[in-house]
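Asks: Sending over a structure as structure tokens; questions will come in a sec.
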Amino acid sequence: MPDGREYEERAARWLLARGWQILCRNFLCRAGELDLVALDGSCLVFVEVRARSHPGYGGAAASVDRRKQRKLQRAAAVFLRRHPHYARLACRFDVIAWEPRQFAPDAAPRWIRNAFGSQP
């Protein structure tokens, strides 16, 4: 099974193929990490990438629980403070997940648009 970075790369390629612009990968701050920050048209999207190797671990998308959501929202707020020129844009949080049955190299992920929250 590929590692997390490989799934982040797959997600970035998948989004680029849909016309998105990747602004940042692996944005790190004290609040946490944002896997991908991208533009979907004029909307700023904070993308969490998840993969699960075995169904017994629970679903990949379900692993983005309330605690993780709060961390992502705090990290997004830091991103916007550091990059204020994006603060005027509408924002959302998406999850791109690969479940165990989707591990083939060409498998499409499960995309959950506007997965949680509102503007950070």
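By convention in this document, the chains of the structure tokens carry letters A, B, ... by their order, each chain's residues are numbered from 1, and ligands are numbered from 1 in the order they are shown.
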Enumerate as JSON, numbers by chain all residues of region 2-119 of chain A assigned to helix (DSSP H, G or I) by DSSP on the backbone, naming them with the chain letters and numbers the document uses.

Replies: {"A": [4, 5, 6, 7, 8, 9, 10, 11, 12, 13, 14, 15, 16, 17, 55, 56, 57, 61, 62, 63, 66, 67, 68, 69, 70, 71, 72, 73, 74, 75, 76, 77, 78, 79, 80, 81, 82, 84, 85, 86, 100, 101, 102]}

Asks: Counting only C-alpha atoms, which of A:Trp111, A:Cys43, A:Glu48, A:Lys71 gets nearest to Ala87 (chain A)?

Replies: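 Ranking A:Trp111, A:Cys43, A:Glu48, A:Lys71 by distance to Ala87 (chain A), first place goes to A:Cys43.
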
Asks: Show which residues sit within 8 Å of region 21-36 of chain A, as an mmCIF file with N, CA and C atoms, in the first residue's frame. Count only C-alpha atoms, and ignore same-chain residues fewer than 2 positions away.

Replies:
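Final file, part30.cif:
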data_model
loop_
_atom_site.group_PDB
_atom_site.id
_atom_site.type_symbol
_atom_site.label_atom_id
_atom_site.label_comp_id
_atom_site.auth_asym_id
_atom_site.auth_seq_id
_atom_site.Cartn_x
_atom_site.Cartn_y
_atom_site.Cartn_z
ATOM 1 N N GLU A 8 -1.525 11.826 -1.127
ATOM 2 C CA GLU A 8 -1.614 13.272 -1.312
ATOM 3 C C GLU A 8 -1.260 13.653 -2.742
ATOM 4 N N ALA A 12 -3.698 15.428 -5.447
ATOM 5 C CA ALA A 12 -3.319 16.643 -6.173
ATOM 6 C C ALA A 12 -3.489 16.444 -7.676
ATOM 7 N N LEU A 15 -7.199 16.487 -8.533
ATOM 8 C CA LEU A 15 -7.757 17.844 -8.521
ATOM 9 C C LEU A 15 -7.271 18.660 -9.718
ATOM 10 N N LEU A 16 -5.992 18.556 -10.041
ATOM 11 C CA LEU A 16 -5.458 19.278 -11.202
ATOM 12 C C LEU A 16 -6.175 18.861 -12.485
ATOM 13 N N GLY A 19 -9.172 20.838 -13.139
ATOM 14 C CA GLY A 19 -9.000 22.268 -13.357
ATOM 15 C C GLY A 19 -8.698 23.086 -12.117
ATOM 16 N N ALA A 38 -6.069 24.578 -2.170
ATOM 17 C CA ALA A 38 -6.265 24.711 -3.608
ATOM 18 C C ALA A 38 -7.358 25.728 -3.923
ATOM 19 N N LEU A 39 -7.370 26.146 -5.168
ATOM 20 C CA LEU A 39 -8.448 26.991 -5.674
ATOM 21 C C LEU A 39 -9.331 26.162 -6.588
ATOM 22 N N ASP A 40 -10.611 26.145 -6.277
ATOM 23 C CA ASP A 40 -11.638 25.548 -7.127
ATOM 24 C C ASP A 40 -12.425 26.734 -7.661
ATOM 25 N N PHE A 46 -9.534 23.838 1.522
ATOM 26 C CA PHE A 46 -8.583 23.138 2.374
ATOM 27 C C PHE A 46 -8.931 21.657 2.264
ATOM 28 N N VAL A 47 -8.007 20.873 1.729
ATOM 29 C CA VAL A 47 -8.288 19.474 1.412
ATOM 30 C C VAL A 47 -7.545 18.551 2.374
ATOM 31 N N GLU A 48 -8.291 17.696 3.039
ATOM 32 C CA GLU A 48 -7.727 16.657 3.893
ATOM 33 C C GLU A 48 -7.740 15.355 3.093
ATOM 34 N N VAL A 49 -6.590 14.704 2.999
ATOM 35 C CA VAL A 49 -6.451 13.460 2.239
ATOM 36 C C VAL A 49 -6.334 12.313 3.230
ATOM 37 N N LYS A 71 -8.823 20.919 14.413
ATOM 38 C CA LYS A 71 -7.414 21.161 14.082
ATOM 39 C C LYS A 71 -7.273 21.748 12.685
ATOM 40 N N LEU A 72 -8.023 21.205 11.741
ATOM 41 C CA LEU A 72 -7.957 21.712 10.370
ATOM 42 C C LEU A 72 -8.465 23.146 10.289
ATOM 43 N N ARG A 74 -8.370 25.384 12.691
ATOM 44 C CA ARG A 74 -7.346 26.259 13.292
ATOM 45 C C ARG A 74 -6.172 26.450 12.330
ATOM 46 N N ALA A 75 -5.748 25.383 11.676
ATOM 47 C CA ALA A 75 -4.645 25.497 10.715
ATOM 48 C C ALA A 75 -5.048 26.384 9.538
ATOM 49 N N ALA A 76 -6.298 26.273 9.092
ATOM 50 C CA ALA A 76 -6.781 27.119 7.995
ATOM 51 C C ALA A 76 -6.782 28.589 8.402
ATOM 52 N N VAL A 78 -4.753 29.975 10.499
ATOM 53 C CA VAL A 78 -3.344 30.402 10.449
ATOM 54 C C VAL A 78 -2.940 30.661 8.999
ATOM 55 N N PHE A 79 -3.312 29.757 8.098
ATOM 56 C CA PHE A 79 -2.990 29.945 6.679
ATOM 57 C C PHE A 79 -3.516 31.297 6.196
#

Asks: From the options A:Arg110, A:Arg67, A:Arg13, A:His83, which residue's atoms come nearest to Trp98 (chain A), counting only C-alpha atoms?

Replies: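 Closest residue, counting only C-alpha atoms: A:Arg110.
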
Asks: Would you mind writing down, as an NGL selection string, each residue of chain A that DSSP on the backbone assigns to strand (DSSP E)?

Replies: :A and (21-29 or 32-40 or 43-51 or 90-98 or 110-116)

Asks: Those same residues, written as a CSV table (one decimal), in the first residue's frame with N, CA and C atoms?

Replies:
chain,number,residue,atom,x,y,z
A,21,GLN,N,-6.4,24.6,-9.0
A,21,GLN,CA,-5.0,25.1,-8.9
A,21,GLN,C,-4.5,24.8,-7.5
A,22,ILE,N,-3.4,24.1,-7.4
A,22,ILE,CA,-2.9,23.7,-6.1
A,22,ILE,C,-2.0,24.9,-5.6
A,23,LEU,N,-2.3,25.5,-4.5
A,23,LEU,CA,-1.5,26.6,-4.0
A,23,LEU,C,-0.5,26.2,-3.0
A,24,CYS,N,-0.7,25.1,-2.2
A,24,CYS,CA,0.2,24.7,-1.2
A,24,CYS,C,0.0,23.3,-0.8
A,25,ARG,N,1.1,22.6,-0.6
A,25,ARG,CA,1.0,21.2,-0.1
A,25,ARG,C,1.7,21.1,1.3
A,26,ASN,N,1.1,20.4,2.2
A,26,ASN,CA,1.6,20.2,3.5
A,26,ASN,C,2.0,21.4,4.2
A,27,PHE,N,1.0,22.3,4.3
A,27,PHE,CA,1.1,23.6,5.1
A,27,PHE,C,1.2,23.2,6.6
A,28,LEU,N,2.3,23.5,7.2
A,28,LEU,CA,2.5,23.2,8.6
A,28,LEU,C,2.5,24.4,9.5
A,29,CYS,N,1.9,24.3,10.7
A,29,CYS,CA,1.9,25.3,11.7
A,29,CYS,C,1.7,24.7,13.0
A,32,GLY,N,-1.5,22.6,13.3
A,32,GLY,CA,-1.6,21.3,12.6
A,32,GLY,C,-1.1,21.4,11.2
A,33,GLU,N,-1.6,20.5,10.4
A,33,GLU,CA,-1.2,20.5,9.0
A,33,GLU,C,-2.4,20.5,8.0
A,34,LEU,N,-2.2,21.2,6.9
A,34,LEU,CA,-3.2,21.1,5.8
A,34,LEU,C,-2.5,20.3,4.7
A,35,ASP,N,-3.1,19.2,4.3
A,35,ASP,CA,-2.5,18.4,3.2
A,35,ASP,C,-2.4,19.2,1.9
A,36,LEU,N,-3.5,19.8,1.5
A,36,LEU,CA,-3.5,20.6,0.2
A,36,LEU,C,-4.4,21.8,0.4
A,37,VAL,N,-3.9,22.9,-0.1
A,37,VAL,CA,-4.7,24.1,-0.2
A,37,VAL,C,-4.8,24.4,-1.7
A,38,ALA,N,-6.1,24.6,-2.2
A,38,ALA,CA,-6.3,24.7,-3.6
A,38,ALA,C,-7.4,25.7,-3.9
A,39,LEU,N,-7.4,26.1,-5.2
A,39,LEU,CA,-8.4,27.0,-5.7
A,39,LEU,C,-9.3,26.2,-6.6
A,40,ASP,N,-10.6,26.1,-6.3
A,40,ASP,CA,-11.6,25.5,-7.1
A,40,ASP,C,-12.4,26.7,-7.7
A,43,CYS,N,-13.1,29.7,-5.2
A,43,CYS,CA,-13.2,29.2,-3.8
A,43,CYS,C,-11.9,28.6,-3.3
A,44,LEU,N,-11.5,29.0,-2.1
A,44,LEU,CA,-10.3,28.5,-1.5
A,44,LEU,C,-10.7,27.2,-0.8
A,45,VAL,N,-10.0,26.1,-1.1
A,45,VAL,CA,-10.4,24.8,-0.5
A,45,VAL,C,-9.3,24.2,0.3
A,46,PHE,N,-9.5,23.8,1.5
A,46,PHE,CA,-8.6,23.1,2.4
A,46,PHE,C,-8.9,21.7,2.3
A,47,VAL,N,-8.0,20.9,1.7
A,47,VAL,CA,-8.3,19.5,1.4
A,47,VAL,C,-7.5,18.6,2.4
A,48,GLU,N,-8.3,17.7,3.0
A,48,GLU,CA,-7.7,16.7,3.9
A,48,GLU,C,-7.7,15.4,3.1
A,49,VAL,N,-6.6,14.7,3.0
A,49,VAL,CA,-6.5,13.5,2.2
A,49,VAL,C,-6.3,12.3,3.2
A,50,ARG,N,-7.2,11.3,3.0
A,50,ARG,CA,-7.2,10.1,4.0
A,50,ARG,C,-7.2,8.8,3.2
A,51,ALA,N,-6.6,7.8,3.7
A,51,ALA,CA,-6.6,6.5,3.1
A,51,ALA,C,-6.6,5.4,4.2
A,90,ALA,N,-14.3,32.9,-0.6
A,90,ALA,CA,-15.1,31.9,0.1
A,90,ALA,C,-14.2,30.7,0.3
A,91,CYS,N,-14.4,30.0,1.4
A,91,CYS,CA,-13.6,28.9,1.8
A,91,CYS,C,-14.5,27.7,2.1
A,92,ARG,N,-13.9,26.5,1.9
A,92,ARG,CA,-14.6,25.3,2.3
A,92,ARG,C,-13.5,24.2,2.7
A,93,PHE,N,-14.0,23.2,3.3
A,93,PHE,CA,-13.1,22.0,3.7
A,93,PHE,C,-13.7,20.8,2.9
A,94,ASP,N,-12.8,20.2,2.1
A,94,ASP,CA,-13.1,19.0,1.4
A,94,ASP,C,-12.3,17.8,2.0
A,95,VAL,N,-12.8,16.6,1.8
A,95,VAL,CA,-12.1,15.4,2.2
A,95,VAL,C,-12.0,14.6,0.9
A,96,ILE,N,-10.8,14.1,0.6
A,96,ILE,CA,-10.6,13.1,-0.4
A,96,ILE,C,-10.1,11.9,0.2
A,97,ALA,N,-10.8,10.8,0.0
A,97,ALA,CA,-10.5,9.5,0.8
A,97,ALA,C,-10.5,8.3,-0.2
A,98,TRP,N,-9.5,7.5,0.2
A,98,TRP,CA,-9.4,6.2,-0.5
A,98,TRP,C,-9.7,5.1,0.5
A,110,ARG,N,-13.0,8.9,-3.1
A,110,ARG,CA,-14.3,9.4,-2.6
A,110,ARG,C,-14.1,10.8,-2.3
A,111,TRP,N,-14.8,11.7,-2.9
A,111,TRP,CA,-14.6,13.2,-2.7
A,111,TRP,C,-15.8,13.7,-1.9
A,112,ILE,N,-15.6,14.3,-0.8
A,112,ILE,CA,-16.6,14.8,0.0
A,112,ILE,C,-16.4,16.3,0.0
A,113,ARG,N,-17.2,17.0,-0.8
A,113,ARG,CA,-17.2,18.4,-1.0
A,113,ARG,C,-17.9,19.1,0.2
A,114,ASN,N,-17.3,20.1,0.7
A,114,ASN,CA,-17.8,20.9,1.8
A,114,ASN,C,-18.2,19.9,3.0
A,115,ALA,N,-17.1,19.1,3.4
A,115,ALA,CA,-17.3,18.0,4.3
A,115,ALA,C,-17.7,18.5,5.7
A,116,PHE,N,-17.3,19.7,6.1
A,116,PHE,CA,-17.7,20.1,7.5
A,116,PHE,C,-17.4,21.6,7.5

Asks: Which of these, A:Gly4, A:Arg70, A:Arg82, A:Glu99, has the shortest distance to Arg52 (chain A) once you count only C-alpha atoms?

Replies: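 Going through A:Gly4, A:Arg70, A:Arg82, A:Glu99 one by one, the smallest distance to Arg52 (chain A) is for A:Glu99.
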
Asks: Which residue out of A:Ser42, A:Asp65, A:Pro109, A:Tyr7 has the minimum interatomic distance to Tyr86 (chain A) when only C-alpha atoms are used?

Replies: A:Ser42

Asks: Taking only C-alpha atoms into account, which of A:Leu80, A:Ala108, A:Gly117, A:Trp20 comes nearest Lys68 (chain A)?

Replies: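 So, comparing all the options, the nearest one is A:Gly117.
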